[in-house]
Amino acid sequence: KDSGKDGDKPSAGGIKTGQGVTDKTIKLGVLTDMTGVYASLGKSVTQAQQLYVKQVNADGGICGRKVELVVRDHGYDPQKAVSGYTELSPQVLGFAQFIGSPFVAAVKQRVDGQDKGLVIPQAWSASLLGSPYIRVIGNTYDVETINAVDFLMKEKGLKKGDKLGHVYFEGDYGENALAGAKYAAEEAGLTVVEQKIKPTDNDMTAQVAALKKAGVKGVVISAGPRQAASFVGVATAVKLQAPIIGNNSAFSPQLLATQAGPALMKNYYVASPTQPIGTDSPDAKKLVADYKAAYPSDALDNGVVAGWTAASVFGEALKKACTAKDLTREGVDKALLTIDAYDSGFGTTHDFTDPKAPSSRQTVVLQPDKKVTGGMKVVREAEVSKAAESFTVGG
Amino acid sequence: MSTEAPVLEVRDLTVRFAGLTALDGIGFTVRPGTVHAVIGPNGAGKSTCFNVLSGVYRATSGSVRFGGEELTGLPAHRIADLGVARTFQNLALPPGATVEDSLMLGRHRLTRTGFVAAGLGLPSAVREEARHRERVREIAAFVGLEDQLARPAGTLPYGQQKLAELARALCMEPKLLLLDEPVAGMTAGERRATAAVVAGVRDSLGISIVLVEHDMGVVMRLADSVTVLDFGRLIADGTPASVQSDPAVVRAYLGEEATS
Amino acid sequence: MTTFAELLLNGISIGSVYALIALGFVVIFRATEVVNFAHASLLLAGGYVTAVLHDDIGFWLALLAGIGGAAAVGAGVEFLVMRRYRGSNHSVLAIVTIGVDILLTTELTRRIGTDVLALGDPWGDSVLTVAGVSVAHTRIAAFVAAGLLITAFLLAFRLTSWGVAMRAAAENSETAALMGVRLGRVSLGAWAVAGGLAAVAALFLTVFPTPGLERSTSLAAMKAFPAAILGGLDSTTGALVGGFLVGITESLATGYQGDLTFLGRGIGDLAPYLVMVAVLLVRPAGLFGTKELARV
Amino acid sequence: MAGAALEIRDLSAGYGPVRALRHVSLTLPEGSVVAVLGSNGAGKSTLLRAISRTLSFHGGAVTGGTVAFDGRPLTGLTPDRVVAAGLCQVPEGRQVFARMTVADNLRAGALGATGNRAAQAAALRRVHELFPVLAERAGQRAGLLSGGEQQMLAVGRALMAGPKLLLLDEPSLGLAPLMAQRIAETVTEINAQGTAVLLVEQNAAIALRLASHAYVLDVGEVVLSGPADELAASDEVRRRYLGVVDEDAAADASEAVAAHRTLSVWEGK
Amino acid sequence: MSDPIKRLRRPALWTAGAVLLLALPFYLDRFWLQAGLFAMAAAIGAIGLNLLTGSTGQLSMGHAFFLAVGAYGYCVLAGDSTGTLTGLNLPSWLAAVLAVALAGVAGGLFSPIAGRLQGAYLGIATLALIFIGQHVLFNAHDLTGGFNGRDVPPLSLFGVTFDESELLVAAVPFGSAEKLWYVALLALAGCALFARGVLRGRPGRAMNAIRDHRIAAGVLGVPVARYRAGVFVLSSMYAGLAGVLLALVFQRTVPEYFGMILSLEYLAMIVIGGLGSVAGAVVGAVFVSLLPQLLTRYSDALPLVSAPGTGGVAPGEASRYLYGAAVVAVVLFLPGGLVRPAFRRRKTTTSEESP
Ligand SMILES: Nc1ncnc2c1ncn2[C@@H]1O[C@H](COP(=O)(O)OP(=O)(O)OP(=O)(O)O)[C@@H](O)[C@H]1O
Ligand SMILES: Nc1ncnc2c1ncn2[C@@H]1O[C@H](COP(=O)(O)OP(=O)(O)OP(=O)(O)O)[C@@H](O)[C@H]1O
Ligand SMILES: [Mg+2]
Ligand SMILES: [Mg+2]
């Protein structure tokens with residue numbers, strides 16, 4: 001019986017190691033969703049992370065050890081997700097990816113309680129903050145939404161006293177974003193008109209009608225790509241004159257090929273924690289090239305960037321831990337806490353010293369554009385609005 | 001002899017369905033310990049009458065008194081509790097359950113075991129079960145099904161399924177027994193045997209029996225009195241002999257070369 | 001006011017899509033008394049075929065191909081699976097359809113992958129605006145299609161012996177066989193037809209205002225459940241009326257959610273079910289369904 | 001006599017381990033009426049199921065022997081093919097389509113029919129004059145009909161198909177004497193019009209009167225067979241199937257009672 | 001039949017099985033124990049559903065709702081009020097009992113509707129419960145914690161607390177999984193025996209009668225409406241208990257879990273196992289809840305599976321295929337289910353004696 005608790009022991013080169021680390025390999029867990037509702041995200045993130053690992057190993061690995069990803073696809077099923085965690089946690093150092101914040105929440109007790117392995121969720125809900133082991137990368141949805149509203153005010157003519165429409169998903173993502181929207185509205189003297197929807201709603205006609213009736217001057221969408229596309233399409237069709245901006249999960253390049261394409265390129269913006277995959281920074285260009293080479297058939301979307309960033313942050317922490325000669329879970333956690341200005345090459349810098357805060361409050365505003373790789377171009381560089389500065393996250 | 005079974009009194013009973021009067025103010029009385037036959041052409045309203053007596057249909061008007069109780073308006077299971085048992089013209093036996101369990105179902109009103117007692121297997125429940133299975137075998141033997149007890153009722157031939165239904169009704173230890181065409185689908189020999197069973201029930205239990213049957217032979221043998229319905233109306237009432245010779249009955253029901 | 005009219009109209013238009021899906025349930029139920037959980041995946045199949053073909057052979061041909069394809073899938077399911085079941089319990093067969101649904105959906109979502117497929121319909125995102133109330137052309141098309149198809153089936157069930165054979169087979173297969181009904185052929189036909197209908201429904205479910213066909217499209221099919229039940233699982237008229245009721249309820253509940261906050265927000269999906277339960281309390285077999293018999 | 005319409009050669013059938021028919025042979029001459037008698041569980045219904053090939057619906061199967069109609073073997077056909085071959089059965093226990101209207105039940109009967117619309121209309125008229133109640137209740141759901149009315153519907157439904165050979169499983173079940181008479185007349189009539197009939201009937205009196213030949217089944221085997229009148233004469237048949245004339249019937253009914261073990265009263269509670 | 005051997009064999013098998021089950025926590029690691037716990041909880045729920053759907057013929061697709069009532073009920077009753085969350089802070093064992101009762105009450109409240117509807121109509125109507133449930137779970141924040149759910153306070157019985165705090169038993173560290181294992185085992189055994197008693201006794205016969213012929217059942221003296229309501233309550237209580245157990249295993253309740261899929265899985269369990277039999281429910285539950293987990297765990301070992309992204313069949317997909325195929329295959333090739341209901345067996349054995 002393997003209780004998973006083989007105590008930390010010093011080993012090759014006097015480096016302390018613990019669960020998931022041998023002299024040859026460092027095992028990282030990946031709990032993803034490639035068959036469920038978040039399949040598209042899961043696929044891109046996982047492939048990007050596998051790409052990162054391949055490259056790291058190609059130039060010698062970390063601490064002379066090969067990094068190895070153990071992937072479990074939970075298909076967004078809580079039972080499988082929790083089982084997956086239970087299965088992997090004894091044998092891996094930490095989790096480079098964990099999709100589905102409800103599931104992360106479900107195992108939070110165990111992570112904080114005894115496991116203490118570093119977990120990087122692929123979700124940006126403020127409710128995940130606060131644990132020194134579960135670390136959200138990039139701005140949380142609330143911060144992102146605040147910056148988005150700021151963009152509408154500064155650049156799209158939204159004024160004090162106007163009505164702001166907010167279409168959001170039931171669940172952590174939408175409701176966390178709503179918190180942000182409300183705060184921003186508070187600060188800027190706007191009134192929020194809420195429209196709560198479910199992931200199964202694909203037809204936004206009724207929502208558009210309602211917001212039109214309310215006479216909104218701007219709209220934030222904290223939902224999925226489909227809902228965004230539908231909303232923008234209908235809005236254009238019924239001439240709802242209002243700029244529309246969505247969170248980073250509310251767009252996927254595949255949409256540009258559909259009917260909604262033109263409308264999206266005309267009147268839709270996306271707030272994102274990082275620059276898009278298509279930016280012309282050297283790292284981005286290299287990533288695009290490598291990813292295309294590795295997965296020719298697959299689309300380049302934010303998921304790739306997110307996955308890559310998460311993996312590289314974990315890698316960075318490992319390297320730091322290595323120099324500190326401590327590859328135990330505690331060692332890695334500590335190492336991460338010392339990283340205060342990490343730039344993964346996508347325009348935002350991350351500060352991991354405070355577990356209670358997101359690693360960055362910067363938001364980049366993008367616009368859909370067929371011609372660019374990844375289908376998005378930057379319209380406003382990384383920036384933190386005043387409201388976002390003053391906002392106490394998760395509060 | 002058990003305690004006298006109560007009198008059954010049906011008074012101008014009327015049942016209407018959308019656009020059709022199945023029973024039109026009929027009435028008759030069943031004296032305790034007798035067999036009362038209800039006959040009539042197909043669609044005359046005999047089963048409807050049974051359905052009212054057993055609480056399956058609501059009467060449009062009229063009254064059915066059994067002993068002190070007014071039956072119309074009572075739900076089926078309350079009527080059963082008063083000791084009214086019936087068989088069905090179109091068989092209503094569970095397809096899967098064994099004959100024995102089907103008969104045990106007849107004991108439902110006489111047993112008390114509830115969810116908790118059964119679930120916990122309390123001694124009381126076990127004892128009750130044993131006692132009543134004993135009686136069930138007795139009754140099965142009485143109608144001649146003792147060898148079939150372990151078979152799924154659904155696989156019995158038609159005639160024996162009819163017997164099983166009769167036995168199940170007997171298992172309710174009824175004061176009033178309603179039999180809807182008990183011998184349909186039997187050979188002459190089997191009819192005689194079944195008739196004997198019915199007679200045996202009347203004589204040894206002294207309960208009232210209402211019998212619906214198209215086999216005049218059996219009716220003549222068993223019935224103490226007969227009521228004849230036609231199109232929901234009562235067209236004759238009296239002793240078997242008198243009824244059989246009643247021209248109206250002959251015209252409407254028996255046909256010229258009457259009782260064969 | 002125009003908002004109300006608009007919501008109402010929108011409800012009817014989305015309702016006609018639900019009606020089309022519900023009709024698929026009804027056909028299978030009439031022929032086999034099985035609630036078909038695999039309908040969602042038939043829908044996906046039809047949509048997928050149309051989507052991949054429309055570039056090469058044009059929309060209308062592609063649609064035909066989609067209908068044919070989905071019909072084939074339906075027939076295949078009946079022939080390979082449903083027919084093999086030697087039992088009578090309908091809830092068991094319903095579970096089989098769940099298994100089938102898992103298989104088909106997995107395969108199709110694997111093919112669709114992360115794409116959002118356009119079906120290349122001719123209506124685009126154009127809308128018709130009358131007196132400040134606007135309806136998408138796609139929805140007008142859906143309305144017409146639903147109307148036509150449902151009338152067609154109504155007549156088919158009434159006039160042809162097909163309908164009789166179906167119901168006979170469903171109610172008592174042995175006796176139906178004794179009447180010369182070809183049980184296999186009847187249910188095969190039903191499944192094929194259901195497949196074709198699913199393809200049509202898929203079209204209207206994925207064109208504007210929805211961006212296109214993708215893996216989660218099948219989830220939307222679940223919304224047709226209350227529609228089918230509301231109207232009565234074995235009634236074509238029921239499917240139509242049920243569809244409209246569900247569509248309207250949903251649309252109004254969403255449109256006025258601002259005024260309904262005491263119920264909690266986002267009751268758009270819930271409302272149809274509440275209406276359904278309310279209706280069932282009054283009419284246990286739905287608005288137009290055949291009631292169960294109470295005679296012994 | 002013309003060639004046999006239905007030719008059954010030592011047919012055996014059973015339900016799983018239950019052997020319901022053992023080497024039954026039966027010949028039904030062209031255009032004749034043949035009766036099958038037998039007590040409960042003798043295997044009469046099983047025989048008809050074996051001919052119409054619906055045993056599988058009851059978890060049973062033919063284990064041996066052949067059935068041929070007009071020289072064509074029926075063995076291995078599906079039930080609908082058997083119907084197409086011109087055989088039509090009125091199954092035991094009515095089996096009307098309870099939730100369908102009377103009219104639709106009759107339409108269902110015509111599904112297997114070979115005749116054109118006109119022929120079917122004629123058949124319908126015929127059925128309606130035989131059983132007027134079916135015309136009155138055309139719109140009523142069959143399940144709500146009375147037992148006898150359902151039986152009429154079952155017979156009428158079979159007549160709609162206009163078969164070459166009609167298999168009747170206890171057609172007079174639950175019918176009032178008058179109605180039973182009418183069924184009997186109908187059988188002779190359609191037989192006169194050239195339809196052969198295989199008649200399973202508990203009312204042996206009627207059966208033997210109608211049939212030219214008769215077979216007696218017992219526990220799955222043919223124990224007696226021959227011309228109807230001869231059988232009617234044999235006292236074995238008289239005793240077991242014809243029953244006996246009234247007065248001593250009453251007598252041995254009472255004697256049966258006397259002989260019968262009586263049931264003690266339940267002293268429960 | 002060689003009776004003495006038979007009479008000896010069955011108890012022997014039972015005891016062997018019991019010993020094995022009791023010993024498992026000393027050998028299996030947490031993943032397996034957890035899988036086992038999920039299975040046992042599911043088994044309890046499935047038994048309940050089988051009483052309702054299999055034995056009384058009331059199709060229910062709302063089982064997940066009652067599971068949720070049990071799970072969240074326990075959290076609210078046992079949890080303490082922190083921040084926005086309200087909790088009654090009752091002793092956990094009492095909370096568990098009350099949660100089960102609560103589920104029963106919920107079932108009782110719905111039974112009037114259940115009493116009116118039949119077959120598929122009832123099935124879809126109960127589906128409404130799921131949607132109502134989901135809506136409440138997401139919106140009644142102070143009770144359910146909304147989308148991020150609630151922590152599940154650990155159970156403590158007779159001074160033992162079933163949390164992570166490890167106590168050494170025979171040199172094996174016992175965490176929550178190991179301890180809960182025995183609780184679950186006990187609960188399951190109890191539930192199974194109870195259900196068996198109910199089904200074999202008077203209530204069981206009445207339930208089957210209602211399923212087979214409602215009108216006849218009434219005429220035979222069975223108060224149909226009351227019985228249907230009773231069974232609905234009972235099965236809801238089973239679901240409630242299953243919910244409590246699941247919550248304890250998850251250590252955190254998440255609303256997503258209690259959706260329609262879950263209800264359908266429970267239906268699949270009883271059908272696959274065998275409608276109307278307790279053993280069937282248990283076997284079916286084990287089958288349905290273990291299979292996907294095994295398939296996921298060993299997915300990369302499955303034949304013709306390729307690494308994600310290389311275009312072929314991804315592990316997750318492969319396991320879905322197998323799961324779907326298994327469901328279809330079992331139902332088609334074992335119509336009566338993995339465990340054939342008792343009466344079928346009796347039918348075949350006894351019919352040898354008959355002609
Ligand atoms: N629930 C119902 N709805 C409509 N009509 C009904 C209903 N029940 C019975 N009937 C009609 O009422 C009449 C009487 O039916 P009933 O069953 O009482 O006849 P019966 O005397 O039993 O005839 P049989 O001897 O054939 O059984 C029949 O014409 C039948 O069609
Ligand atoms: N579905 C079945 N499963 C098992 N055994 C059956 C089944 N149906 C009939 N049997 C058995 O087959 C034998 C013949 O049955 P069958 O129904 O043919 O008798 P029958 O002559 O029609 O009797 P009846 O005159 O009562 O209709 C009987 O022993 C019966 O128990
Ligand atoms: Mg009658
Ligand atoms: Mg028979």
# chains A, B, ... in the order shown; residues from 1 in each chain; ligands from 1
call {"tool": "residues_around", "arguments": {"residues": "segment 175-178 of chain B", "least_positions_apart": "5", "cutoff": "8 Å", "atoms": "only C-alpha atoms", "output": "PyMOL selection string"}}
result
chain B and resi 5-6+50+82-87+169-170+207-212
call {"tool": "residues_near_ligand", "arguments": {"ligand": "ligand 1", "cutoff": "6 Å", "atoms": "only C-alpha atoms and all ligand atoms", "output": "VMD selection string"}}
result
(chain B and resid 17 22 41 to 48) or (chain C and resid 295) or (chain D and resid 144 to 149)
call {"tool": "residues_near_ligand", "arguments": {"ligand": "ligand 4", "cutoff": "7 Å", "atoms": "only C-alpha atoms and all ligand atoms", "output": "PyMOL selection string"}}
result
(chain B and resi 157-158) or (chain D and resi 43-45+92+169)
call {"tool": "interface_residues", "arguments": {"of": "chain D", "to": "chain E", "cutoff": "12 Å", "atoms": "only C-alpha atoms", "output": "mmCIF file with N, CA and C atoms, in the first residue's frame"}}
result
data_model
loop_
_atom_site.group_PDB
_atom_site.id
_atom_site.type_symbol
_atom_site.label_atom_id
_atom_site.label_comp_id
_atom_site.auth_asym_id
_atom_site.auth_seq_id
_atom_site.Cartn_x
_atom_site.Cartn_y
_atom_site.Cartn_z
ATOM 1 N N GLY D 14 -42.014 -25.891 -27.719
ATOM 2 C CA GLY D 14 -41.927 -25.741 -26.273
ATOM 3 C C GLY D 14 -41.516 -24.348 -25.879
ATOM 4 N N TYR D 15 -41.654 -24.081 -24.606
ATOM 5 C CA TYR D 15 -41.207 -22.814 -24.038
ATOM 6 C C TYR D 15 -40.022 -23.121 -23.160
ATOM 7 N N GLY D 16 -38.823 -22.807 -23.651
ATOM 8 C CA GLY D 16 -37.643 -23.194 -22.896
ATOM 9 C C GLY D 16 -37.736 -24.671 -22.570
ATOM 10 N N PRO D 17 -37.664 -25.021 -21.290
ATOM 11 C CA PRO D 17 -37.709 -26.433 -20.908
ATOM 12 C C PRO D 17 -39.108 -27.040 -21.032
ATOM 13 N N VAL D 18 -40.147 -26.186 -21.077
ATOM 14 C CA VAL D 18 -41.507 -26.714 -21.119
ATOM 15 C C VAL D 18 -41.816 -27.240 -22.514
ATOM 16 N N ARG D 19 -42.189 -28.534 -22.623
ATOM 17 C CA ARG D 19 -42.552 -29.054 -23.944
ATOM 18 C C ARG D 19 -44.057 -29.009 -24.087
ATOM 19 N N ALA D 20 -44.555 -28.089 -24.891
ATOM 20 C CA ALA D 20 -45.994 -27.841 -24.967
ATOM 21 C C ALA D 20 -46.641 -28.632 -26.088
ATOM 22 N N LEU D 21 -45.886 -29.009 -27.110
ATOM 23 C CA LEU D 21 -46.416 -29.812 -28.221
ATOM 24 C C LEU D 21 -45.462 -30.960 -28.504
ATOM 25 N N ARG D 22 -46.038 -32.162 -28.684
ATOM 26 C CA ARG D 22 -45.170 -33.317 -28.988
ATOM 27 C C ARG D 22 -45.669 -33.988 -30.257
ATOM 28 N N GLY D 41 -54.183 -26.025 -21.026
ATOM 29 C CA GLY D 41 -52.795 -26.430 -21.090
ATOM 30 C C GLY D 41 -52.529 -27.560 -22.042
ATOM 31 N N ALA D 42 -53.527 -27.913 -22.842
ATOM 32 C CA ALA D 42 -53.324 -29.010 -23.787
ATOM 33 C C ALA D 42 -52.342 -28.603 -24.875
ATOM 34 N N GLY D 43 -52.302 -27.330 -25.181
ATOM 35 C CA GLY D 43 -51.360 -26.864 -26.193
ATOM 36 C C GLY D 43 -52.026 -26.285 -27.419
ATOM 37 N N GLY D 59 -41.287 -16.502 -25.617
ATOM 38 C CA GLY D 59 -40.092 -17.212 -25.188
ATOM 39 C C GLY D 59 -40.150 -18.677 -25.560
ATOM 40 N N ASP D 218 -54.149 -33.491 -25.890
ATOM 41 C CA ASP D 218 -54.033 -33.600 -24.444
ATOM 42 C C ASP D 218 -52.559 -33.577 -24.077
ATOM 43 N N VAL D 219 -52.219 -32.668 -23.163
ATOM 44 C CA VAL D 219 -50.832 -32.466 -22.753
ATOM 45 C C VAL D 219 -49.899 -32.513 -23.955
ATOM 46 N N GLY D 220 -50.266 -31.748 -25.001
ATOM 47 C CA GLY D 220 -49.368 -31.549 -26.126
ATOM 48 C C GLY D 220 -49.372 -32.656 -27.157
ATOM 49 N N GLU D 221 -50.244 -33.632 -27.012
ATOM 50 C CA GLU D 221 -50.272 -34.702 -28.019
ATOM 51 C C GLU D 221 -51.688 -34.904 -28.545
#
call {"tool": "closest_residue", "arguments": {"among": "B:Thr155, B:Ser204, B:Gln244, B:Thr239", "to": "ligand 2", "atoms": "only C-alpha atoms and all ligand atoms"}}
result
B:Thr155
call {"tool": "closest_residue", "arguments": {"among": "D:Ala232, D:Ala5, D:Ala176, D:Leu168", "to": "ligand 3", "atoms": "only C-alpha atoms and all ligand atoms"}}
result
D:Ala176
call {"tool": "atom_distance", "arguments": {"atom1": "atom CA of Gly243 of chain C", "atom2": "atom CA of Tyr18 of chain C"}}
result
4.9 Å
call {"tool": "select_by_dssp", "arguments": {"residues": "segment 96-338 of chain A", "states": "strand (DSSP E)", "output": "ChimeraX atom specification"}}
result
/A:96-98,118-121,163-169,191-197,218-222,244-246,268-272,326-327
call {"tool": "residues_around", "arguments": {"residues": "Lys162 of chain B", "least_positions_apart": "3", "cutoff": "12 Å", "atoms": "only C-alpha atoms", "output": "ChimeraX atom specification"}}
result
/B:86-93,99,143-145,153-154,156-159,165-169,179-186,190-191,194 /D:40,93
call {"tool": "residues_around", "arguments": {"residues": "segment 56-67 of chain B", "least_positions_apart": "3", "cutoff": "9 Å", "atoms": "only C-alpha atoms", "output": "PyMOL selection string"}}
result
(chain B and resi 5-17+25-27+48-53+70-76+82+176) or (chain C and resi 294-296) or (chain E and resi 215-216+218-219)
call {"tool": "select_by_dssp", "arguments": {"residues": "segment 2-211 of chain E", "states": "helix (DSSP H, G or I)", "output": "ChimeraX atom specification"}}
result
/E:3-26,30-55,63-78,92-116,119-139,141-144,146-148,176-200,202-211
call {"tool": "interface_residues", "arguments": {"of": "chain C", "to": "chain D", "cutoff": "12 Å", "atoms": "only C-alpha atoms", "output": "number ranges by chain"}}
result
C: 30, 86-88, 157-186, 234, 289-296
call {"tool": "interface_residues", "arguments": {"of": "chain A", "to": "chain E", "cutoff": "8 Å", "atoms": "only C-alpha atoms", "output": "PyMOL selection string"}}
result
chain A and resi 1-3+34-35+43+47+72-75+77-80+82-84+86-87+101-103+105-107+109+127+170-172+295+298
call {"tool": "interface_residues", "arguments": {"of": "chain C", "to": "chain A", "cutoff": "6 Å", "atoms": "only C-alpha atoms", "output": "short mmCIF file (atom, residue, chain, number, x, y, z; two decimals) with N, CA and C atoms, in the first residue's frame"}}
result
data_model
loop_
_atom_site.label_atom_id
_atom_site.label_comp_id
_atom_site.auth_asym_id
_atom_site.auth_seq_id
_atom_site.Cartn_x
_atom_site.Cartn_y
_atom_site.Cartn_z
N THR C 114 -12.58 21.11 -32.00
CA THR C 114 -12.85 22.39 -31.36
C THR C 114 -13.42 23.40 -32.35
N ASP C 115 -13.78 22.91 -33.54
CA ASP C 115 -14.25 23.87 -34.55
C ASP C 115 -15.67 24.33 -34.30
N VAL C 116 -16.00 25.44 -34.93
CA VAL C 116 -17.39 25.88 -35.01
C VAL C 116 -17.75 25.86 -36.49
N ALA C 118 -19.90 26.24 -39.88
CA ALA C 118 -21.04 26.93 -40.49
C ALA C 118 -21.76 25.95 -41.41
N PRO C 209 -29.45 32.97 -35.12
CA PRO C 209 -28.48 33.72 -34.32
C PRO C 209 -27.42 32.88 -33.60
N THR C 210 -27.42 31.59 -33.77
CA THR C 210 -26.33 30.83 -33.14
C THR C 210 -25.18 30.71 -34.13
N PRO C 211 -23.93 30.76 -33.64
CA PRO C 211 -22.78 30.88 -34.53
C PRO C 211 -22.60 29.70 -35.47
N SER C 251 -38.27 32.62 -23.67
CA SER C 251 -37.95 33.95 -24.16
C SER C 251 -38.43 35.02 -23.19
N GLY C 255 -36.19 37.56 -21.13
CA GLY C 255 -36.32 38.98 -21.43
C GLY C 255 -36.68 39.80 -20.20
N ARG C 265 -31.74 34.91 -10.73
CA ARG C 265 -31.59 35.22 -12.15
C ARG C 265 -31.42 33.96 -12.99
N GLY C 266 -31.54 34.12 -14.30
CA GLY C 266 -31.26 33.02 -15.21
C GLY C 266 -32.24 31.88 -15.09
#
call {"tool": "atom_distance", "arguments": {"atom1": "atom CA of Ser131 of chain A", "atom2": "atom CA of Pro355 of chain A"}}
result
6.0 Å
